[in-house]
Structure formats: C-alpha cells, structure tokens
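The next block holds one structure in the form of structure tokens; read it before the comments.
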Amino acid sequence: MSAKKSGKNASQRAMSTTGYAYAFLLILQTILIGVNAENRLQQGDSPIEVLNWMINQCIPVLKQASSLQEKQKKILLPKHRPSKDQ
C-alpha cells in the first residue's frame with residue numbers, strides 16, 4: 001500500500017512541478033506582451049490600437065491556461081470503472 005501512495009505522490013509532485021512551469025511560462029509570455037505593448041506606445045501607436053493588439057495577443061494565452069487547467073482536472077479526477085452488473 002505504501003508503494004501506491006508513494007507512486008501517487010510522485011505523480012502528483014511531477015504534475016505540480018509541470019503545472020508551475022507552465023504557469024511561469026504563461027506569466028512570462030503575458031509580461032512580454034506588456035513590454036511589447038509599451039514599446040508600441042512609445043513608437044507612436046494609438047492606445048486603442050495597442051489595446052486591441054494586446055487583447056488579440058492575450059486570447060491564445062488564456063486558451064492555453066484554460067486547456068492546461070482542464071488537462072490537470074482530467075488527470076486528477078479518479079476514473080470511473082464500469083460495474084460488473086452492466
């Protein structure tokens with residue numbers, strides 16, 4: 001029984017580490033979008049154009065974060081086994 005627990009804990013730790021890595025990369029991507037937006041403002045683009053550009057850049061980031069969250073939910077939820085009665 002202890003082997004199952006340690007295996008499960010190792011799996012959860014690996015997923016947690018992977019999750020933190022993905023979260024860090026998504027945060028870094030968002031920061032870089034902000035830096036690029038600041039550069040565009042300094043180059044003379046209008047704030048509305050920059051805001052529109054930022055929204056278009058952030059949508060894929062939000063999709064990636066949502067996809068990661070769904071993937072982690074699927075992995076963490078126990079899988080239901082069909083009963084023998086059926």
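A note on labels: chains of the structure tokens are A, B, ... as shown, every chain counts residues from 1, and ligands are counted from 1 in their shown order.
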
Next on the checklist: I'd like the neighbourhood of Met54 (chain A) as a list in words, where a residue qualifies if any of its atoms comes within 10 Å (using only C-alpha atoms), though same-chain residues fewer than 4 positions away should be ignored.
Outcome noted: Thr30, Ile33, Gly34, Asn36, Ala37, Ile48, Glu49, Val50, Cys58 and Ile59 of chain A

Next on the checklist: Residues within 10 Å of Ile27 (chain A), please, as a list in words. Count only C-alpha atoms; anything in the same chain fewer than 5 positions from it doesn't count.
Outcome noted: Ala21, Tyr22, Leu32, Ile33, Val61 and Ala65 of chain A

Checklist entry - Which residues, written as an MDAnalysis selection string, have at least one atom at most 12 Å from Leu68 (chain A), with only C-alpha atoms counted and residues fewer than 2 positions away on the same chain left out? => result chainID A and resid 15:16 18:23 26 61:66 70:75

Could those selected residues go to a file with C-alpha atoms, as a compact mmCIF listing (two decimals), in the first residue's frame?
```
# COMPACT_ATOMS: atom_id res chain seq x y z
CA MET A 15 2.23 17.26 -12.27
CA SER A 16 2.58 20.05 -9.75
CA THR A 18 4.89 20.77 -14.59
CA GLY A 19 1.94 22.97 -13.69
CA TYR A 20 4.23 25.51 -12.05
CA ALA A 21 6.49 25.50 -15.10
CA TYR A 22 3.54 26.11 -17.43
CA ALA A 23 2.21 28.84 -15.13
CA LEU A 26 2.34 31.83 -19.30
CA VAL A 61 -2.54 32.76 -23.59
CA LEU A 62 -5.93 32.46 -21.88
CA LYS A 63 -6.81 29.48 -24.09
CA GLN A 64 -3.53 27.79 -23.15
CA ALA A 65 -4.15 28.37 -19.44
CA SER A 66 -7.70 27.02 -19.72
CA GLU A 70 -8.80 21.18 -17.98
CA LYS A 71 -5.96 18.70 -18.58
CA GLN A 72 -4.99 18.78 -14.91
CA LYS A 73 -8.61 18.24 -13.85
CA LYS A 74 -8.87 15.17 -16.09
CA ILE A 75 -5.66 13.72 -14.68
```

Checklist entry - Quick one, how far is CA of Gln42 (chain A) from CA of Leu25 (chain A)? => result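 Taking CA of Gln42 (chain A) and CA of Leu25 (chain A), their separation equals 25.7 Å.
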